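First up is the structure itself, then whatever we jot down about it.
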Amino acid sequence: MTDINVPDANEGNGSEVKSPSMPAVDPTEPRHQSALQSKSRQSQLIVSPKDTAMVDDGADTDSDISTCTTDDKPPNEAADEKLQKGTELLEEERWERERKPLALCKLIVDRPWLMFGLALSWHIVMFATTGTLIVTGFDILPVYFEGLPLQIRDDKDFLCGLAWTYRNENEEIITRAATEAANQTERSRKAETVTLLFERKGSNVFTKKNLQAIKETEEKFLNNTEYQSTYCYIPNVSGNCSKSLSILRFFDGTYAVLDPVFSDPEFDNIAAVLGKASIHPALKALLTAFLGANSVVNETEGVASSEITRSFIYTGKPLAGYANSTDRETEQNDKIKAFVTDHFQTTGNNVFKSGAGDMDFAFYSTSILSSYIQNQVVFDMLLSVASLAFIFLFMLLQTGSLWITTFSILGIVSCFLCTNLIYRLVLDFRFFGVFHILAIFIILGIGADDVFIFVDTWRDLSHKWYPSTAHRLSHCYRKASVAMWFTSLTTSVAFFVSGASPLLGVSSFGIFSGILVLVNYISVIIFLPIVVMTHHFKWENKKCCCCGMKNLTTVAPVPDLSPTSRNSWTATTSPVNIKKPDGRRKNAVVRFFRGPYYRFVTHKVARWLILIFFAGLLAVSIYYATLLRPNEEQIKYLPDESNVGKAIDRLSNAFDTTTSSRNIRVYLIWGLKQQDFSQCHHSSYECQGTTVWDDDFSLNSTEAQQSLQELCSKLKNLTAKEEGELKVRRDIVTNRLEVKCFVDDMRSFMLNEENKTNPLTNAAKYPNGTSLDLPWLQPNIRTLMEYNSAFYNISQIDASFSSHFEVGMSYWLYNGFQSPLPSDDFKQYASWLGEATTTNTLVTSLGSTDYTYGTRLRYAAIVVNLTTIRNTLGYPEGLPIRQAWETFMAEQLKTLPAPLQGGLQCTPLSFNVWHWLKVQETLATSAINGIIIGVSISFPILLLGTMNIVVTIFALVSLCGITVGVIGLISAIGWKLGVLESLNMVLVVGLAVDYVVHLAEGYSRSRCLDRRGRLHDMLEEVGVSVLSGAVTTLGASLFMLLAQILFFGQFGIFVFGTIGFSIIYALGFFTTLLGLIGPENDFGCFKALYRKCSGCKNNTQTATNTQIPDSKK
């Protein structure tokens, strides 16, 4: 037989190169029928793309070319059927290679450098536009790293809590703090608090040595010169800085007036001191604040033990040069923040590293938390540079071309900038948060995967004959762009599913990332072909370590079916007689997949062991997945090993909860409606909304006052069942339910006022028979005003004056105007009762202070303390409590008069607990829905990509296994279903489907008729791209594991786990399953079904003049 050497038919700028002259073959001629049939039987004719390629050097035995046969029929019938199908498939393949080149590809081949300049200019424009906007001051990157906006804007609890939080923003509200401000001396009001924590796990911090270490540590903070002179809290007129509030105050004589035992400066009698404090009515609750959850203090037994304690150091304002604490408040707060972060943070870091004696130490404040997070985010963002460097080096190794690698990375970075311009300018999003940084890591992996798909496809097609380079580029473009489209579509859809979330922090990230994936796809299919072609013409054949691409171009082994010799299929062109060209495939990974790995997954024993392994893996994953529980805690930014992370964890979980300030407080409020957000921008995380008043609210009626007092009485005397359902806490000293009702305390004050005497005459202050008990209406309040004429001018009050309750309320809050210093009731209730000016508002001056009366009560609240801790309450337990309060409030409102029927209940402090429970539920629901939606959307995409229902089902089974594996991994490593975990579960389908899609598409694209031949083609053509994409993503995610921000570190683990499971299931389970029971011939193929239904098969045969003799049909 004749050896055939074919010259390189693919060089040149698109001009067609005709195939060498070969004798024509007409299958209808008997002599040619005989030759074809004889050769078919002798050499088992191969009817796949692999058959027309050369036999790889040193890999002949790896190819297992006999796998493309069908032996399930008699030899003659099988050979004839194979010949018929082979003719069809080769005609289809020839048509693919010789079909008219795409206009874009022809333009790229004809004008490569012009197209390169245009495409590069577009990327430069992205950089230039972003830079110009930054220089001009436009907020093109609206960064906010101090928190994560996770609010459901249309949620009742959120709007109610927001209404209470910003109730005083209306100008008509009288700010009593401003009234009191005239009495503020320098630093006489508490500002930011710095908390110091001392811990000795498994031991006791209340030893003489440890208490001495606590004292020395506190002095390192308190003795700071600038703190003493400028920022310390000064609680009294003595001008001395306040001591810390800590366990030491029970020993230094601060409370010696209560009992001499509290003077023990040398810590010689620790058990006696703390034992006495634990039973003293005035100190019992205070002591609890410094005790750990498992502490034991017993005076009788002489025991005082706790693993942890804490100290509070206060800063004060108004600072020097400011009139009061609200004068240029932001400016004062910034100065205090700067001092705390510059000085206290430095001192605290040193103690954190060295420890406080034998104790572990941590410290915390809001400024320290904010500063640490911002600094750490910047550092962690730099890890993306390390990921980029890794991907650059790996891409350079895989492509062997610095030219392609450099411009591919440039394109990925440019995509990020282009996406941000769309996100910011077109969609007008004004939030760029911590989650958005994760998109950098994601697109690095996805972008590199797309590059590998295109370059490997281009390399693979170099082994085939094409009329011109434009034909080859078009064929590569069609194959690679379709493969990349399916993976990009599934990934972007998964992100867009997150974009439908009601939570801004999640939805904005989903939309940004979804756009980013699509922009990257467009960039790859436009820019990368240009880069590859410029490299092809300029660098490819040069032995340059910087630009040359290894193993890319090869001599086309045989012109399968040229336009001039459509049926040139003779015995002399059989694959076994083709001389091996010099440009043969040398990629070790390709040889591994087509040889050893192929034999491994198709081995009669090994394949069953593989499936048994995945069955066990799936069982373990399902088990751990069932253990996944919702995360009750607030969002954690930092690991527990860091100072701030440790402090937050200990403050949330390590202390006694009986008097904890972290217990939930329920506010029953009147006078406010839900906050109006209609004027807020859709992506604004700072918008406060607009206050909406309940104009029907009033307490100037007997019915309203008595009804409210009865409600207070009911709250304080709940039945055991109601107490259990509402989780109301009891006071540790009095054992009464902790309900703060202003009506009750106002009533007690007024009854006391009613019995007062004139200090000069010792006569009754008010006429005999005067009652100041509720209701406080015109008769008794007018008497109050008449006999306090120094404060009230009765002559200015006309008949329209109706603010009688408000007059009595202000008189009570200001303690009868007896002292310029605020009373205890003022400190307790002033912020819960808001007044607004009216046309009848009057002002009276006492000394330098102005007081108003004749106001209108705009809002009021009753506050109830609960037993539950807000930081550790999960929605399965918390939502029933919330619903119990909602039901209780609704039932009570029905019994109240009309002015009080607009009441609301909410938990506005710190973070809105009721709302946070709904956020938790939303995240959990979104995770489940995201997986369902992701799998549902993947089905039609996979079906469209493979056009085979059986392959699609196998791919979906693999995808479900990956998803369950990732969920099980999340549970197995101790995570709970929180914000990041929920987001990850929504994205898992989009990230996991890529490799399965590539392999499924490769299997379905094979020209072989049997499963093993298709499997062999799949591994040979797609295996290296899949593995390369996985390695880049795994490598990029490894750098994220070094991050201190938990979002980044956990996302790195998630990506690593997801990609790890994806590549294992794709190359392990999915590949083995296809080799065992994958569809053969046209089984499950939609194209074949369509051809049979429409008669396209016969039409195609007629059009190509390739007819099979009747005797062989």
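Each chain in the structure tokens gets a letter, A, B, ..., in the order shown, and its residues are numbered from 1; ligands are numbered from 1 in order too.
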Do you know which residues are at most 12 Å from stretch 780-797 of chain A counting only C-alpha atoms, after dropping those on the same chain fewer than 3 positions away, and could you put them as a PyMOL selection string?
chain A and resi 700+750-751+753-754+756-758+764-777+800-812+814+816-818+839-847+849-854
Deliver the residues from the most recent selection as a file, using N, CA and C atoms, as a short mmCIF file (atom, residue, chain, number, x, y, z; two decimals), in the first residue's frame.
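Now in again.cif:
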data_model
loop_
_atom_site.label_atom_id
_atom_site.label_comp_id
_atom_site.auth_asym_id
_atom_site.auth_seq_id
_atom_site.Cartn_x
_atom_site.Cartn_y
_atom_site.Cartn_z
N ASN A 700 -54.41 61.70 75.20
CA ASN A 700 -55.16 62.73 75.90
C ASN A 700 -56.64 62.36 76.02
N MET A 750 -46.42 60.76 90.05
CA MET A 750 -47.50 61.70 90.26
C MET A 750 -48.21 61.49 91.60
N LEU A 751 -48.34 60.23 92.00
CA LEU A 751 -48.96 59.97 93.31
C LEU A 751 -48.07 60.52 94.43
N GLU A 753 -46.03 63.10 93.99
CA GLU A 753 -46.14 64.55 93.84
C GLU A 753 -47.43 65.07 94.50
N GLU A 754 -48.48 64.29 94.39
CA GLU A 754 -49.78 64.68 94.96
C GLU A 754 -49.70 64.92 96.47
N LYS A 756 -46.99 65.94 98.18
CA LYS A 756 -45.88 66.80 98.58
C LYS A 756 -46.37 68.02 99.38
N THR A 757 -45.44 68.55 100.17
CA THR A 757 -45.74 69.74 100.97
C THR A 757 -44.83 70.88 100.56
N ASN A 758 -45.25 72.09 100.92
CA ASN A 758 -44.44 73.27 100.65
C ASN A 758 -43.27 73.28 101.63
N ALA A 764 -49.63 71.50 102.62
CA ALA A 764 -49.79 70.70 101.41
C ALA A 764 -49.56 71.57 100.18
N LYS A 765 -48.86 71.04 99.22
CA LYS A 765 -48.52 71.80 98.01
C LYS A 765 -49.75 72.04 97.15
N TYR A 766 -50.66 71.08 97.16
CA TYR A 766 -51.83 71.19 96.32
C TYR A 766 -53.09 71.23 97.19
N PRO A 767 -54.18 71.82 96.68
CA PRO A 767 -55.42 71.90 97.46
C PRO A 767 -55.90 70.52 97.88
N ASN A 768 -56.62 70.50 98.98
CA ASN A 768 -57.15 69.27 99.49
C ASN A 768 -58.10 68.65 98.46
N GLY A 769 -57.96 67.37 98.26
CA GLY A 769 -58.80 66.68 97.29
C GLY A 769 -58.21 66.61 95.90
N THR A 770 -57.03 67.22 95.73
CA THR A 770 -56.39 67.16 94.40
C THR A 770 -55.89 65.74 94.12
N SER A 771 -56.22 65.25 92.96
CA SER A 771 -55.75 63.92 92.54
C SER A 771 -54.89 64.05 91.30
N LEU A 772 -53.67 63.58 91.41
CA LEU A 772 -52.77 63.57 90.24
C LEU A 772 -52.62 62.16 89.66
N ASP A 773 -53.52 61.27 90.07
CA ASP A 773 -53.53 59.93 89.49
C ASP A 773 -54.11 60.01 88.08
N LEU A 774 -53.85 58.98 87.27
CA LEU A 774 -54.42 59.01 85.92
C LEU A 774 -55.92 58.84 86.04
N PRO A 775 -56.65 59.37 85.07
CA PRO A 775 -56.17 59.99 83.82
C PRO A 775 -55.68 61.42 84.05
N TRP A 776 -54.65 61.79 83.30
CA TRP A 776 -54.09 63.14 83.38
C TRP A 776 -54.70 63.98 82.28
N LEU A 777 -55.74 64.70 82.70
CA LEU A 777 -56.51 65.48 81.75
C LEU A 777 -56.55 66.95 82.20
N SER A 800 -57.94 76.23 73.40
CA SER A 800 -57.54 75.21 72.41
C SER A 800 -56.41 74.32 72.91
N PHE A 801 -55.88 74.66 74.06
CA PHE A 801 -54.77 73.87 74.60
C PHE A 801 -55.28 72.48 75.00
N SER A 802 -54.66 71.43 74.46
CA SER A 802 -55.14 70.07 74.72
C SER A 802 -54.01 69.11 75.10
N SER A 803 -52.81 69.62 75.26
CA SER A 803 -51.67 68.74 75.53
C SER A 803 -51.49 68.51 77.02
N HIS A 804 -52.53 68.04 77.68
CA HIS A 804 -52.45 67.89 79.13
C HIS A 804 -51.60 66.69 79.52
N PHE A 805 -51.74 65.59 78.82
CA PHE A 805 -50.90 64.44 79.16
C PHE A 805 -49.42 64.79 78.97
N GLU A 806 -49.10 65.50 77.90
CA GLU A 806 -47.71 65.86 77.62
C GLU A 806 -47.13 66.76 78.70
N VAL A 807 -47.96 67.65 79.27
CA VAL A 807 -47.47 68.51 80.36
C VAL A 807 -47.10 67.66 81.57
N GLY A 808 -47.99 66.74 81.94
CA GLY A 808 -47.70 65.87 83.07
C GLY A 808 -46.48 64.99 82.79
N MET A 809 -46.35 64.51 81.56
CA MET A 809 -45.21 63.65 81.21
C MET A 809 -43.88 64.39 81.32
N SER A 810 -43.81 65.62 80.79
CA SER A 810 -42.55 66.38 80.86
C SER A 810 -42.21 66.75 82.30
N TYR A 811 -43.26 67.04 83.10
CA TYR A 811 -43.02 67.37 84.51
C TYR A 811 -42.40 66.16 85.22
N TRP A 812 -42.91 64.99 84.89
CA TRP A 812 -42.35 63.75 85.48
C TRP A 812 -40.93 63.49 84.99
N TYR A 814 -38.64 65.48 83.93
CA TYR A 814 -37.67 66.45 84.46
C TYR A 814 -37.70 66.51 85.98
N GLY A 816 -39.93 67.18 88.18
CA GLY A 816 -40.50 68.37 88.78
C GLY A 816 -39.58 69.58 88.68
N PHE A 817 -38.63 69.57 87.75
CA PHE A 817 -37.67 70.67 87.54
C PHE A 817 -36.88 71.00 88.79
N GLN A 818 -36.62 69.97 89.61
CA GLN A 818 -35.91 70.19 90.87
C GLN A 818 -34.40 70.23 90.71
N THR A 839 -48.67 74.45 67.45
CA THR A 839 -48.95 75.90 67.47
C THR A 839 -49.13 76.41 68.90
N ASN A 840 -49.38 75.51 69.85
CA ASN A 840 -49.57 75.91 71.25
C ASN A 840 -48.32 75.68 72.10
N THR A 841 -47.20 75.33 71.47
CA THR A 841 -45.99 75.04 72.23
C THR A 841 -45.45 76.32 72.86
N LEU A 842 -45.13 76.22 74.15
CA LEU A 842 -44.59 77.35 74.92
C LEU A 842 -43.24 76.97 75.48
N VAL A 843 -42.43 77.96 75.80
CA VAL A 843 -41.09 77.74 76.31
C VAL A 843 -40.93 78.49 77.62
N THR A 844 -40.34 77.83 78.60
CA THR A 844 -40.00 78.49 79.86
C THR A 844 -38.53 78.27 80.13
N SER A 845 -37.90 79.27 80.74
CA SER A 845 -36.46 79.21 80.99
C SER A 845 -36.20 79.11 82.47
N LEU A 846 -35.32 78.17 82.80
CA LEU A 846 -34.85 78.03 84.18
C LEU A 846 -33.33 78.07 84.12
N GLY A 847 -32.79 79.19 84.58
CA GLY A 847 -31.35 79.35 84.47
C GLY A 847 -30.97 79.47 83.00
N THR A 849 -31.28 76.97 80.88
CA THR A 849 -31.92 75.87 80.17
C THR A 849 -33.34 76.24 79.80
N ASP A 850 -33.72 75.97 78.55
CA ASP A 850 -35.07 76.18 78.07
C ASP A 850 -35.84 74.87 78.08
N TYR A 851 -37.08 74.94 78.61
CA TYR A 851 -37.95 73.77 78.63
C TYR A 851 -39.20 74.09 77.84
N THR A 852 -39.72 73.11 77.12
CA THR A 852 -40.92 73.32 76.32
C THR A 852 -42.09 72.57 76.92
N TYR A 853 -43.28 73.10 76.73
CA TYR A 853 -44.49 72.40 77.09
C TYR A 853 -45.58 72.81 76.10
N GLY A 854 -46.69 72.13 76.16
CA GLY A 854 -47.71 72.36 75.14
C GLY A 854 -47.33 71.65 73.84
#
Contacts of stretch 641-695 of chain A with stretch 366-387 of chain A up to 12 Å, shortest pair per row, only C-alpha atoms, as CSV:
residue,atom,partner,partner_atom,distance
A:Ser642,CA,A:Tyr372,CA,10.1
A:Asn643,CA,A:Leu369,CA,9.6
A:Val644,CA,A:Leu369,CA,6.4
A:Gly645,CA,A:Leu369,CA,8.9
A:Lys646,CA,A:Leu369,CA,11.5
A:Ala647,CA,A:Leu369,CA,9.9
A:Ile648,CA,A:Leu369,CA,9.4
Using only C-alpha atoms, which residues sit within 9 Å of A:Ile234 once same-chain residues fewer than 2 positions away are excluded, as a PyMOL selection string?
chain A and resi 185-190+232+236-242+315-317
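You can rank A:Tyr227, A:Tyr859, A:Phe1086, A:Trp916 by their closest distance to A:Thr946 using only C-alpha atoms, and at the top of that list sits A:Phe1086.
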If you run DSSP over the backbone, which residues in stretch 130-297 of chain A end up helix (DSSP H, G or I)? Put them as a ChimeraX atom specification.
/A:130-135,156-165,167-169,176-183,208-222,225-231,247-250,260-262,270-279,284-288
